[in-house]
Each structure stands twice: as structure tokens, then as C-alpha cells.
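Undergrad: Sharing target.cif (mmCIF, C-alpha atoms) below.
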data_my_file
#
loop_
_atom_site.label_atom_id
_atom_site.label_comp_id
_atom_site.auth_asym_id
_atom_site.auth_seq_id
_atom_site.Cartn_x
_atom_site.Cartn_y
_atom_site.Cartn_z
CA MET A 1 120.47 78.30 182.39
CA LEU A 2 124.08 77.65 181.50
CA ARG A 3 126.63 80.41 181.23
CA GLY A 4 130.35 80.80 181.01
CA LEU A 5 130.80 77.23 179.91
CA SER A 6 133.65 76.44 177.60
CA PHE A 7 135.38 73.16 176.95
CA ALA A 8 136.91 71.08 174.21
CA VAL A 9 136.81 67.33 173.82
CA ALA A 10 139.20 65.30 171.71
CA ALA A 11 138.77 61.96 169.98
CA GLY A 12 139.20 59.02 172.32
CA GLU A 13 137.82 60.91 175.29
CA ALA A 14 134.81 60.35 177.49
CA VAL A 15 133.21 63.21 179.39
CA HIS A 16 130.91 62.70 182.32
CA VAL A 17 128.50 65.62 182.61
CA ALA A 18 127.57 65.67 186.28
CA GLY A 19 125.53 67.88 188.54
CA PRO A 20 122.36 67.92 190.67
CA ASN A 21 118.87 67.92 189.13
CA GLY A 22 118.01 71.02 187.20
CA THR A 23 121.52 72.25 186.57
CA GLY A 24 121.24 71.86 182.83
CA LYS A 25 122.75 68.50 181.94
CA THR A 26 120.02 67.74 179.43
CA THR A 27 120.06 71.32 178.15
CA LEU A 28 123.80 71.10 177.57
CA LEU A 29 123.48 67.86 175.63
CA ARG A 30 120.64 69.26 173.53
CA VAL A 31 122.70 72.33 172.73
CA LEU A 32 125.62 70.11 171.78
CA ALA A 33 123.33 68.02 169.58
CA GLY A 34 122.13 71.16 167.81
CA LEU A 35 118.52 70.70 168.93
CA LEU A 36 118.68 73.86 170.99
CA ALA A 37 120.42 77.03 169.86
CA PRO A 38 122.62 78.70 172.49
CA GLU A 39 121.72 82.32 173.20
CA GLN A 40 125.38 83.21 173.03
CA GLY A 41 128.44 81.39 171.84
CA SER A 42 128.68 78.44 169.54
CA VAL A 43 129.25 74.74 169.33
CA ARG A 44 132.09 73.75 167.03
CA TRP A 45 132.83 70.35 165.52
CA GLY A 46 136.16 69.85 163.80
CA GLY A 47 136.78 73.59 164.00
CA ARG A 48 133.56 74.61 162.24
CA ALA A 49 130.40 75.94 163.86
CA ILE A 50 127.75 73.22 163.69
CA VAL A 51 125.17 75.60 162.22
CA GLU A 52 127.30 75.93 159.08
CA ASP A 53 126.53 72.41 157.96
CA ARG A 54 123.87 70.99 160.19
CA ASP A 55 123.22 67.81 158.23
CA ALA A 56 126.89 66.82 158.09
CA TYR A 57 127.23 67.38 161.83
CA SER A 58 124.02 65.49 162.63
CA GLY A 59 125.31 62.66 160.47
CA SER A 60 128.33 62.29 162.72
CA LEU A 61 126.53 62.14 166.05
CA SER A 62 124.16 59.81 167.84
CA TYR A 63 121.88 61.24 170.45
CA LEU A 64 120.14 59.24 173.13
CA GLY A 65 117.60 61.38 174.93
CA HIS A 66 115.23 60.74 177.82
CA ASP A 67 112.80 59.25 175.35
CA ASN A 68 113.89 56.12 173.60
CA ALA A 69 112.39 57.24 170.27
CA LEU A 70 110.71 53.89 169.68
CA LYS A 71 107.47 53.24 167.86
CA ALA A 72 105.25 51.14 170.11
CA ASP A 73 103.54 49.49 167.14
CA LEU A 74 106.75 48.37 165.43
CA SER A 75 108.76 45.34 166.48
CA ALA A 76 112.18 45.78 168.04
CA LEU A 77 113.88 44.77 164.81
CA GLU A 78 111.70 47.07 162.68
CA ASN A 79 112.36 49.97 165.05
CA LEU A 80 116.07 49.46 164.69
CA GLU A 81 115.95 49.00 160.93
CA PHE A 82 113.90 52.14 160.34
CA ALA A 83 115.83 54.34 162.76
CA THR A 84 119.22 53.27 161.43
CA GLY A 85 118.06 53.04 157.82
CA LEU A 86 117.31 56.75 157.87
CA ARG A 87 120.98 57.43 158.50
CA ARG A 88 122.77 54.82 156.44
CA GLU A 89 122.25 51.68 154.43
CA LEU A 90 122.08 48.58 156.62
CA GLN A 91 123.67 45.30 155.63
CA ALA A 92 121.57 42.17 155.99
CA GLY A 93 121.74 40.76 159.50
CA GLU A 94 123.37 43.87 160.94
CA ALA A 95 120.35 44.90 162.96
CA GLY A 96 119.89 41.38 164.31
CA ALA A 97 123.52 41.26 165.38
CA ALA A 98 123.13 44.58 167.20
CA LEU A 99 120.11 43.24 169.10
CA GLU A 100 122.20 40.22 170.03
CA ARG A 101 124.94 42.49 171.29
CA VAL A 102 122.64 44.39 173.64
CA GLY A 103 121.12 41.12 174.83
CA ILE A 104 117.56 41.37 173.50
CA ALA A 105 117.84 39.16 170.43
CA ARG A 106 114.95 36.99 171.58
CA CYS A 107 112.64 40.03 171.65
CA ALA A 108 113.40 40.94 168.02
CA ASP A 109 109.86 40.31 166.78
CA LEU A 110 107.99 41.66 169.78
CA PRO A 111 106.35 45.07 169.38
CA ALA A 112 108.19 47.74 171.34
CA ARG A 113 105.11 48.25 173.54
CA ALA A 114 105.59 44.75 174.92
CA LEU A 115 109.18 45.35 175.98
CA SER A 116 110.15 46.26 179.52
CA ALA A 117 111.60 49.70 180.25
CA GLY A 118 115.07 48.23 180.48
CA GLN A 119 114.71 46.34 177.23
CA ARG A 120 113.55 49.51 175.50
CA ARG A 121 116.60 51.34 176.79
CA ARG A 122 118.77 48.55 175.41
CA LEU A 123 117.03 48.82 172.07
CA ALA A 124 117.71 52.56 172.00
CA LEU A 125 121.31 51.79 172.84
CA ALA A 126 121.50 49.40 169.90
CA ARG A 127 120.41 52.29 167.69
CA VAL A 128 123.25 54.46 168.99
CA VAL A 129 125.76 51.69 168.36
CA LEU A 130 124.48 50.90 164.88
CA ALA A 131 124.65 54.51 163.69
CA LEU A 132 128.46 54.15 163.53
CA THR A 133 129.08 57.79 164.37
CA PRO A 134 132.15 59.19 166.12
CA LEU A 135 130.25 61.36 168.60
CA TRP A 136 127.81 59.94 171.14
CA LEU A 137 125.65 62.17 173.31
CA LEU A 138 123.96 60.06 175.96
CA ASP A 139 121.44 61.56 178.37
CA GLU A 140 121.07 59.42 181.50
CA PRO A 141 121.79 56.27 179.51
CA PHE A 142 121.80 54.05 182.60
CA THR A 143 118.14 54.73 183.46
CA ASN A 144 116.13 51.52 183.84
CA LEU A 145 119.10 49.27 183.11
CA ASP A 146 119.79 46.34 185.42
CA ALA A 147 123.29 45.49 186.68
CA ASP A 148 123.91 43.41 183.59
CA GLY A 149 122.77 46.18 181.27
CA THR A 150 124.83 48.76 183.13
CA ALA A 151 127.96 46.66 182.71
CA LEU A 152 127.09 46.11 179.06
CA LEU A 153 126.65 49.83 178.42
CA ALA A 154 129.86 50.67 180.26
CA GLY A 155 131.66 48.15 178.08
CA VAL A 156 130.12 49.52 174.88
CA VAL A 157 131.06 53.08 175.82
CA ALA A 158 134.59 52.00 176.71
CA GLY A 159 134.90 50.16 173.40
CA HIS A 160 133.75 53.23 171.49
CA VAL A 161 136.23 55.48 173.28
CA ALA A 162 139.06 52.99 172.77
CA ALA A 163 138.29 52.96 169.06
CA GLY A 164 138.82 56.71 168.91
CA GLY A 165 135.20 57.72 169.50
CA LEU A 166 134.00 60.54 171.65
CA VAL A 167 131.34 60.19 174.32
CA LEU A 168 129.58 62.77 176.43
CA LEU A 169 127.22 61.30 178.95
CA ALA A 170 125.04 62.93 181.51
CA ALA A 171 124.45 60.82 184.60
CA HIS A 172 123.89 61.20 188.30
CA GLN A 173 125.99 58.29 189.27
CA LEU A 174 128.47 56.85 186.94
CA PRO A 175 129.33 53.20 187.26
CA GLU A 176 132.91 52.05 186.77
CA LEU A 177 133.87 53.05 183.23
CA PRO A 178 136.95 51.22 181.98
CA VAL A 179 138.27 54.05 179.83
CA ARG A 180 141.71 55.62 179.80
CA SER A 181 140.62 59.21 179.66
CA LEU A 182 137.51 60.11 181.60
CA ARG A 183 136.83 63.75 182.35
CA ARG A 184 134.23 65.08 184.68
CA LEU A 185 132.34 68.23 183.85
CA GLU A 186 130.56 69.45 186.95
CA LEU A 187 127.59 71.76 186.38
CA ALA A 188 126.42 73.87 189.28
CA MET B 1 121.38 62.45 147.32
CA ALA B 2 120.89 58.72 146.87
CA SER B 3 120.93 58.21 150.62
CA ALA B 4 118.47 61.06 151.12
CA LEU B 5 116.10 59.48 148.63
CA ARG B 6 116.42 56.12 150.36
CA ALA B 7 115.63 57.79 153.69
CA VAL B 8 112.56 59.46 152.18
CA LEU B 9 111.20 56.17 150.85
CA LEU B 10 111.96 54.43 154.13
CA LEU B 11 110.13 57.07 156.14
CA TYR B 12 107.16 56.88 153.80
CA ARG B 13 107.09 53.10 154.14
CA ARG B 14 107.37 53.33 157.91
CA ASP B 15 104.40 55.68 158.12
CA LEU B 16 102.23 53.42 155.99
CA LEU B 17 103.22 50.42 158.09
CA LEU B 18 102.36 52.30 161.28
CA ALA B 19 99.02 53.35 159.82
CA PHE B 20 98.33 49.77 158.81
CA ARG B 21 98.96 48.68 162.41
CA ARG B 22 96.62 51.41 163.68
CA ARG B 23 93.76 51.08 161.30
CA GLU B 24 91.30 53.16 163.33
CA GLN B 25 93.41 56.21 162.51
CA VAL B 26 92.95 55.59 158.78
CA LEU B 27 89.27 54.84 159.10
CA GLN B 28 88.38 57.82 161.27
CA PRO B 29 88.43 60.53 158.55
CA VAL B 30 86.56 58.36 156.03
CA VAL B 31 83.89 57.44 158.55
CA PHE B 32 83.52 61.10 159.44
CA PHE B 33 83.26 62.03 155.76
CA VAL B 34 80.59 59.40 155.11
CA MET B 35 78.61 60.32 158.22
CA VAL B 36 78.54 64.05 157.54
CA THR B 37 77.53 63.72 153.90
CA THR B 38 74.74 61.30 154.75
CA LEU B 39 73.43 63.65 157.43
CA PHE B 40 72.57 66.33 154.89
CA PRO B 41 69.81 64.43 153.04
CA LEU B 42 68.30 63.60 156.44
CA ALA B 43 68.34 67.19 157.61
CA LEU B 44 67.38 68.98 154.38
CA SER B 45 65.35 66.81 152.08
CA PRO B 46 65.80 63.52 150.26
CA GLU B 47 64.81 65.30 147.04
CA LEU B 48 67.68 64.57 144.61
CA ALA B 49 67.14 67.76 142.62
CA GLN B 50 67.61 69.81 145.75
CA LEU B 51 70.58 67.79 146.99
CA ARG B 52 72.30 68.08 143.63
CA GLN B 53 72.46 71.85 144.05
CA ILE B 54 74.39 71.70 147.31
CA ALA B 55 76.35 68.49 146.59
CA GLY B 56 79.58 70.26 145.66
CA GLY B 57 79.65 72.36 148.79
CA VAL B 58 78.67 69.53 151.09
CA LEU B 59 81.28 67.14 149.71
CA TRP B 60 84.01 69.74 149.89
CA VAL B 61 83.31 71.04 153.37
CA ALA B 62 82.94 67.51 154.72
CA ALA B 63 86.19 66.41 153.08
CA LEU B 64 88.10 69.42 154.40
CA LEU B 65 86.88 68.86 157.94
CA ALA B 66 87.58 65.14 157.71
CA SER B 67 91.17 65.63 156.65
CA LEU B 68 91.60 68.33 159.26
CA LEU B 69 90.64 65.71 161.83
CA ALA B 70 93.65 63.61 160.92
CA LEU B 71 96.10 66.51 160.77
CA GLU B 72 96.68 66.74 164.47
CA TYR B 73 98.35 63.35 164.51
CA LEU B 74 100.77 64.26 161.74
CA PHE B 75 103.74 64.99 163.99
CA ARG B 76 102.27 64.52 167.46
CA ALA B 77 103.20 60.87 167.98
CA ASP B 78 106.70 61.46 166.65
CA HIS B 79 107.08 64.41 168.98
CA GLU B 80 105.88 62.53 172.03
CA ASP B 81 108.06 59.44 171.69
CA GLY B 82 111.23 61.32 170.74
CA THR B 83 111.31 60.13 167.12
CA LEU B 84 111.06 63.71 165.91
CA GLU B 85 114.39 64.55 167.53
CA GLN B 86 115.93 61.57 165.80
CA LEU B 87 114.51 62.75 162.47
CA LEU B 88 116.04 66.17 163.05
CA LEU B 89 119.37 64.54 163.86
CA SER B 90 119.32 61.95 161.10
CA GLY B 91 121.73 63.94 158.96
CA GLN B 92 119.26 63.87 156.05
CA PRO B 93 117.74 67.03 154.57
CA LEU B 94 114.78 67.83 156.81
CA VAL B 95 112.84 69.36 153.92
CA LEU B 96 112.73 65.99 152.17
CA LEU B 97 111.78 64.15 155.36
CA ALA B 98 108.97 66.65 155.95
CA ALA B 99 107.78 66.11 152.38
CA ALA B 100 107.83 62.33 152.88
CA ARG B 101 105.86 62.65 156.10
CA THR B 102 103.29 64.87 154.37
CA ALA B 103 103.01 62.52 151.39
CA ALA B 104 102.41 59.59 153.71
CA HIS B 105 99.82 61.57 155.59
CA TRP B 106 97.98 62.32 152.38
CA THR B 107 98.07 58.66 151.35
CA ILE B 108 96.62 57.65 154.69
CA SER B 109 94.03 60.36 155.25
CA GLY B 110 93.42 62.09 151.90
CA LEU B 111 93.40 59.24 149.41
CA PRO B 112 90.61 57.26 151.15
CA LEU B 113 88.43 60.38 150.99
CA VAL B 114 89.11 60.73 147.26
CA VAL B 115 88.22 57.08 146.70
CA ALA B 116 85.02 57.35 148.74
CA SER B 117 83.90 60.64 147.19
CA PRO B 118 82.34 59.38 143.90
CA VAL B 119 80.13 56.94 145.81
CA LEU B 120 78.97 59.66 148.18
CA ALA B 121 78.49 62.02 145.24
CA VAL B 122 76.11 59.54 143.64
CA THR B 123 74.03 59.41 146.80
CA LEU B 124 73.75 63.20 146.62
CA GLY B 125 72.43 62.98 143.08
CA VAL B 126 75.57 64.06 141.24
CA PRO B 127 75.27 62.91 137.61
CA ALA B 128 77.81 60.34 136.38
CA PRO B 129 79.82 62.66 134.06
CA ALA B 130 80.59 64.95 137.00
CA LEU B 131 81.98 62.21 139.22
CA TRP B 132 85.47 62.56 137.78
CA THR B 133 85.47 66.24 138.61
CA VAL B 134 84.47 65.43 142.18
CA ALA B 135 87.33 62.96 142.62
CA ILE B 136 89.97 65.08 140.87
CA SER B 137 89.03 68.26 142.68
CA LEU B 138 89.11 66.47 146.03
CA ALA B 139 92.45 64.82 145.22
CA LEU B 140 93.92 68.28 144.63
CA GLY B 141 92.06 69.76 147.59
CA THR B 142 93.16 67.15 150.12
CA GLY B 143 96.70 67.49 148.77
CA ILE B 144 96.58 71.23 149.43
CA LEU B 145 95.20 70.67 152.90
CA SER B 146 97.86 68.07 153.75
CA ALA B 147 100.60 70.44 152.60
CA LEU B 148 99.22 73.50 154.40
CA GLY B 149 98.30 71.35 157.35
CA SER B 150 101.81 69.99 157.72
CA VAL B 151 103.03 73.53 158.38
CA GLY B 152 100.30 74.09 160.96
CA ALA B 153 100.87 70.71 162.55
CA ALA B 154 104.61 71.35 162.78
CA LEU B 155 104.02 74.74 164.42
CA THR B 156 101.53 73.43 166.97
CA VAL B 157 103.15 70.10 167.75
CA GLY B 158 104.65 71.35 170.98
CA VAL B 159 101.43 73.05 172.09
CA ARG B 160 99.21 71.14 174.46
CA ARG B 161 95.76 70.68 172.92
CA GLY B 162 96.93 72.33 169.74
CA GLY B 163 93.92 71.04 167.80
CA THR B 164 91.87 74.22 167.93
CA LEU B 165 94.83 76.38 167.12
CA LEU B 166 95.60 74.11 164.19
CA SER B 167 92.14 74.54 162.66
CA LEU B 168 92.36 78.31 163.14
CA LEU B 169 95.70 78.34 161.36
CA VAL B 170 94.89 76.02 158.49
CA LEU B 171 91.24 76.53 157.54
CA PRO B 172 91.53 80.22 156.51
CA LEU B 173 94.45 79.28 154.27
CA ALA B 174 92.40 76.50 152.69
CA MET B 175 89.54 78.82 151.75
CA PRO B 176 90.73 79.56 148.20
CA ALA B 177 90.91 75.82 147.56
CA LEU B 178 87.39 75.39 148.89
CA ILE B 179 86.07 78.16 146.65
CA PHE B 180 87.63 76.79 143.46
CA GLY B 181 86.91 73.18 144.32
CA ALA B 182 83.25 73.59 145.16
CA ARG B 183 82.85 75.82 142.11
CA ALA B 184 84.40 73.17 139.85
CA VAL B 185 82.01 70.52 141.14
CA ALA B 186 79.00 72.83 140.80
CA LEU B 187 79.94 73.66 137.20
CA ALA B 188 80.38 69.99 136.35
CA ILE B 189 77.01 69.11 137.85
CA ASP B 190 75.35 71.78 135.70
CA GLY B 191 76.99 70.15 132.70
CA GLY B 192 79.42 72.98 132.05
CA GLY B 193 83.19 72.82 131.74
CA ALA B 194 84.99 72.71 135.07
CA ARG B 195 88.42 73.12 133.53
CA GLY B 196 89.03 76.67 134.72
CA PRO B 197 88.57 76.20 138.46
CA LEU B 198 90.29 72.79 138.30
CA LEU B 199 93.38 74.33 136.74
CA LEU B 200 93.44 77.05 139.37
CA LEU B 201 93.10 74.37 142.02
CA ALA B 202 96.00 72.46 140.47
CA ALA B 203 98.10 75.62 140.53
CA LEU B 204 97.33 76.12 144.22
CA CYS B 205 98.24 72.50 144.84
CA VAL B 206 101.62 72.86 143.12
CA LEU B 207 102.30 76.04 145.05
CA ALA B 208 101.45 74.44 148.38
CA LEU B 209 103.42 71.27 147.64
CA THR B 210 106.59 73.14 146.66
CA LEU B 211 106.63 75.68 149.47
CA ALA B 212 105.13 73.82 152.41
CA PRO B 213 107.98 71.36 153.08
CA PHE B 214 110.41 74.26 153.63
CA ALA B 215 108.06 75.94 156.08
CA THR B 216 107.34 72.62 157.78
CA ALA B 217 111.03 71.86 158.21
CA ALA B 218 111.67 75.29 159.73
CA ALA B 219 108.66 74.95 162.01
CA LEU B 220 109.80 71.51 163.18
CA ARG B 221 113.19 72.88 164.18
CA ILE B 222 111.49 75.57 166.24
CA SER B 223 109.04 73.14 167.83
CA ALA B 224 111.79 70.74 168.83
CA GLU B 225 113.56 73.33 170.98
#
Could you render the structure as C-alpha cells?

TA:
Amino acid sequence: MLRGLSFAVAAGEAVHVAGPNGTGKTTLLRVLAGLLAPEQGSVRWGGRAIVEDRDAYSGSLSYLGHDNALKADLSALENLEFATGLRRELQAGEAGAALERVGIARCADLPARALSAGQRRRLALARVVLALTPLWLLDEPFTNLDADGTALLAGVVAGHVAAGGLVLLAAHQLPELPVRSLRRLELA
Amino acid sequence: MASALRAVLLLYRRDLLLAFRRREQVLQPVVFFVMVTTLFPLALSPELAQLRQIAGGVLWVAALLASLLALEYLFRADHEDGTLEQLLLSGQPLVLLAAARTAAHWTISGLPLVVASPVLAVTLGVPAPALWTVAISLALGTGILSALGSVGAALTVGVRRGGTLLSLLVLPLAMPALIFGARAVALAIDGGGARGPLLLLAALCVLALTLAPFATAAALRISAE
């Protein structure tokens, strides 16, 4: 689907992967995440091909896909604790603070099935934030978010980039992103 | 390694918690097991002497089919809600996560069968000294099926209606276990020593448990593409 694509991203940069439906935005992000192997070429992180040490690479990225990866039967807090706990040890109160940050603290004990689509997206966003990884791969992160949530996400992304993080996000329309270095990667 | 171990325990705990919140999933295999074994006396004859002769086979076939019933759900839910991708990207060794998932699956679907089996064995006229053999052989047998099944479930997780394919993949591989297991129970019922087939069964179990997580992990990576 994708061919002849080559680019490098440095720390402190945000890349907007743009393009009409079906041009391979999701495919590109999945290849970058290591979920999909490219037929030709390679993805390199810190100069090394990601297949050389998959676990180390996975440990340094957070991926937000179309699905929010939530368990409907677990509460918002439990979802966050389990998902983040798999990656690193959580301090007490850390998960609660993250829920507060994405504005769904009052839903902490509700099962994920009872949350609205926007709230679930916020919960998934909290997982990305809590993973404390340098690389974020966000696939249509603004889906289902209201104006408030969109501004919140834009702020979180900007904060991550300002702190030396690296964000690639696929989106149709990008809201105002207050970052210094925003590149646009147009797929056709 | 410490963090990998923590992740394994956490995943195991999560699966038990999820099963606890969805109790029908835990009950389904046991109910099936009980129903099938009670159908045999109705269909054949309530004569205990006659039932005793087929008890080993009935218990084993029913238990295998019951745990097969639960296999399809092993990775399906995780695949559908995107959790599987997150497991693949968690930065933890996938082999260990696969093993944790399989262990949890056995606890949820295999262990209840093992616990129920002595009671059902009594209703089929199995004498008391042979009850231990029934439970031990089924503990090993369901363990083998969970391990083999995790490979099959990982391979078919992306396939729509993969249930039939899964049984075709897993049941032939489980046949040696069935042969040794049913034989062990039959020997114990006749009052003989069931040590030989039980040890062979244990060897199969160890083999399946050590190799299956690697195959499952590889299959999950393929299925996630």
C-alpha cells in the first residue's frame, strides 16, 4: 500500500500523518509500531532496526489505535492500572491523577461499558500519558472527543513534544497544535 | 526480569477478575461436562457395572469437549477490543504473557472440571480408590489441552468463526492425552496400577507446557498483523 516512503523524526518533533481515507495512515502507524512487518525496508529507532530488540522498542512507545483497548467489565481505574501495570510499576495515586488530568476522575469506578465514546477515548489517552514513553503513535486520536477534549489532547501532545518527546499522529483534520516543530507527512 | 514477572502476575490476576465478572463463561464448561456425563446413564443403562466399564472414556471425552468449548474465548475478546495489540506492545516478553494467559485460562476452565470430576465419577460407579486417578489424570489432561489450545486459539483468533477450525486443529493433537488418560482411569477402576499411563500423561503435559507458549507467542504476532 505504501511505497517509497522514507523519513526521519527527531526528539521534540510532532508529525502529522495526513491523507484521504485508504491511503495507509493506519498501516503506516502499525508498521512504525512494529505490529506489521514492512515488505521491504526497515523501521529504525535510535539507529537500530526495531526487529533487533522488539521488547526494548515496544517499551519506549505508546500506541493508540482505533480501538481503545479497554475491558468493558473493568472500571476505568482498573483498566488504567492493568494496562499501565503491564509496562511499569505504578505509584499509588498515579492512575487516579491521570484520570483527573484527562477530566474523567468522577468516572473512575464506573465500568468501561458505561462510559461514553468520548470518555473511553480519554481513558485510552490517559493510558498513553501514563506509559511515560518517549514515542507516541496516535491513530485518529481526536475521534469522539468534544471541543474540550480536543483542546486537552492538543495540550497534552504539545506538552509531550516540549518535554523532548516524539509524536506521530494520523488525523484528517488537525486542530491547532501549539508545538514549535510540526511536520506534515502527506500520504497519497 | 522482575518487571516481567510482575506483568505476568498482573495479567493472570486481570484474567481471573474478568472471569469473576463474567461468571457464565466459567460455568459454561462445567455445566456442559455435568450434562454430558449424566446423559450417558440415561442413554445406555443405569446399571452401575456397565457404566463403570465406560466411565473413564466418558469422563475424558466429556472433559476434553468441555474445555474445548472455552478455548475459543482465550484470545478472542482481547483481539476484538484491541487489548491484544497492547499486550504485543507492552515491552514484556510475549512468551511469558502467553503463558500467563494460558495459566489463567486453565484456572478458569480446566480447574472446575477437575474439581467436579470425582463427583461425576462416583455417579458413574467409579470405586473410591480410583477417584484420585480420575482427578489427577484430568488435571494433566486439561492442562495439555489448555496449552495446545492456546496455540490453536492464537492461530485462529483473526479468523471469523474460527471455532470449527480450532477443534480441527486441537483435537487430533490431544488424542495421545486422551488415550493415556482414559487408559489410566480404566486401569484404576479395575484395581490395577495406573502409574504408567499417568507418568506418560505427565510427560506430555510438561512437553506441552514448555513448548506451547513459544508457539502461541509466534502465532499471536502473526494474527495481529

Undergrad: For chain B, which of A:Ala131, A:Leu99, A:Ala114, A:Thr23 is the closest residue, counting all atoms listed in the file?

TA: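 Smallest separation from chain B among the options: A:Ala131.
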
Undergrad: With 10 Å as the cut-off and only C-alpha atoms counted, what is the closest atom pair between each nearby residue of chain B and chain A? Distances in Å to one decimal, ordered by chain and number, as a Markdown table.

TA:
| residue | atom | partner | partner_atom | distance |
| --- | --- | --- | --- | --- |
| B:Ser3 | CA | A:Arg88 | CA | 7.0 |
| B:Ala4 | CA | A:Leu86 | CA | 8.1 |
| B:Leu5 | CA | A:Leu86 | CA | 9.7 |
| B:Arg6 | CA | A:Leu86 | CA | 7.6 |
| B:Ala7 | CA | A:Leu86 | CA | 4.6 |
| B:Val8 | CA | A:Leu86 | CA | 7.9 |
| B:Leu9 | CA | A:Leu86 | CA | 9.3 |
| B:Leu10 | CA | A:Phe82 | CA | 6.9 |
| B:Leu11 | CA | A:Leu86 | CA | 7.4 |
| B:Arg13 | CA | A:Phe82 | CA | 9.3 |
| B:Arg14 | CA | A:Phe82 | CA | 7.1 |
| B:Leu17 | CA | A:Leu74 | CA | 8.4 |
| B:Leu18 | CA | A:Asp73 | CA | 6.6 |
| B:Ala19 | CA | A:Asp73 | CA | 9.4 |
| B:Phe20 | CA | A:Asp73 | CA | 9.8 |
| B:Arg21 | CA | A:Asp73 | CA | 6.6 |
| B:Arg22 | CA | A:Asp73 | CA | 8.0 |
| B:Ala77 | CA | A:Lys71 | CA | 8.7 |
| B:Asp78 | CA | A:Ala69 | CA | 8.0 |
| B:His79 | CA | A:Ala69 | CA | 9.0 |
| B:Glu80 | CA | A:Asp67 | CA | 8.3 |
| B:Asp81 | CA | A:Ala69 | CA | 5.1 |
| B:Gly82 | CA | A:Ala69 | CA | 4.3 |
| B:Thr83 | CA | A:Ala69 | CA | 4.4 |
| B:Leu84 | CA | A:Ala69 | CA | 7.9 |
| B:Glu85 | CA | A:Leu35 | CA | 7.5 |
| B:Gln86 | CA | A:Ala69 | CA | 7.2 |
| B:Leu87 | CA | A:Leu86 | CA | 8.1 |
| B:Leu88 | CA | A:Leu35 | CA | 7.8 |
| B:Leu89 | CA | A:Ser58 | CA | 4.9 |
| B:Ser90 | CA | A:Arg87 | CA | 5.5 |
| B:Gly91 | CA | A:Gly59 | CA | 4.1 |
| B:Gln92 | CA | A:Asp55 | CA | 6.0 |
| B:Pro93 | CA | A:Asp55 | CA | 6.6 |
| B:Leu94 | CA | A:Asp55 | CA | 8.6 |
| B:Leu97 | CA | A:Leu86 | CA | 9.6 |
| B:Arg221 | CA | A:Leu35 | CA | 7.5 |
| B:Ile222 | CA | A:Leu36 | CA | 8.8 |
| B:Ser223 | CA | A:Leu35 | CA | 9.9 |
| B:Ala224 | CA | A:Leu35 | CA | 6.7 |
| B:Glu225 | CA | A:Leu36 | CA | 5.1 |

Undergrad: When you draw a straight line from CA of Gly125 in chain B to CA of Ala55 in chain B, how long is it in Å?

TA: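 Separation between CA of Gly125 in chain B and CA of Ala55 in chain B: 7.6 Å.
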
Undergrad: For Ala184 in chain B, work out the shell of residues within 6 Å, counting all atoms listed in the file and skipping chain neighbours fewer than 3 positions away, then give it as a list of chain:residue names.

TA: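 The filter keeps B:Gly181, B:Leu187, B:Ala194, B:Pro197.
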
Undergrad: One decimal, Å: what's the distance from CA of His16 in chain A over to CA of Leu169 in chain A, could you say?

TA: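 Going from CA of His16 in chain A over to CA of Leu169 in chain A covers 5.2 Å.
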
Undergrad: Report as a ChimeraX atom specification all protein, DNA and RNA residues lying within 12 Å of Ala147 in chain A, evaluated on all atoms listed in the file, omitting residues in the same chain fewer than 5 positions from it.

TA: /A:118,142,152-154,175-176

Undergrad: Could you list, as a ChimeraX atom specification, every residue within 12 Å of Ser67 in chain B, counting only C-alpha atoms and ignoring same-chain residues fewer than 2 positions away?

TA: /B:25-33,60-65,69-74,105-114,138-139,141-150,167,170-171,174

Undergrad: Apply the PyMOL selection byres ((chain A and resi 126) around 8) to the displayed file and report the matching residues as a VMD selection string.

TA: chain A and resid 80 98 to 99 101 to 102 122 to 125 127 to 130

Undergrad: Between A:Ala170, A:Ala158, A:Leu115, A:Leu28, which has the minimum distance to Pro141 in chain A (counting all atoms listed in the file)?

TA: A:Ala170

Undergrad: Kindly give the distance, in Å, that separates CA of Val126 in chain B and CA of Leu204 in chain B, rounded to a single decimal.

TA: 25.1 Å

Undergrad: Which polymer residues have any atom within 10 Å of an atom of Ala121 in chain B, counting all atoms listed in the file, with same-chain residues fewer than 3 positions away left out, as a PyMOL selection string?

TA: chain B and resi 37+51-52+55-56+58-59+116-118+124-128+130-131+134-135

Undergrad: Would you list the residues near (135.9, 53.1, 170.0), meaning any protein, DNA or RNA residue with an atom at most 12 Å from that point in file coordinates, counting all atoms listed in the file, as a PyMOL selection string?

TA: chain A and resi 11-14+129+132-136+155-167+179-180

Undergrad: Would you compute an axis-aligned box for range 112-128 of chain A, covering every atom listed for it in the file with 5 Å of margin on each side, and report centre and edge lengths in Å to one decimal as lines of an AutoDock Vina configuration file?

TA:
center_x = 114.2
center_y = 49.6
center_z = 174.1
size_x = 28.1
size_y = 19.7
size_z = 22.8

Undergrad: For each of B:Leu48, B:Met175, B:Leu68, B:Ala208, take the minimum atom-to-atom distance to Val122 in chain B, counting all atoms listed in the file, then give the residue where this is smallest.

TA: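 Closest residue, counting all atoms listed in the file: B:Leu48.
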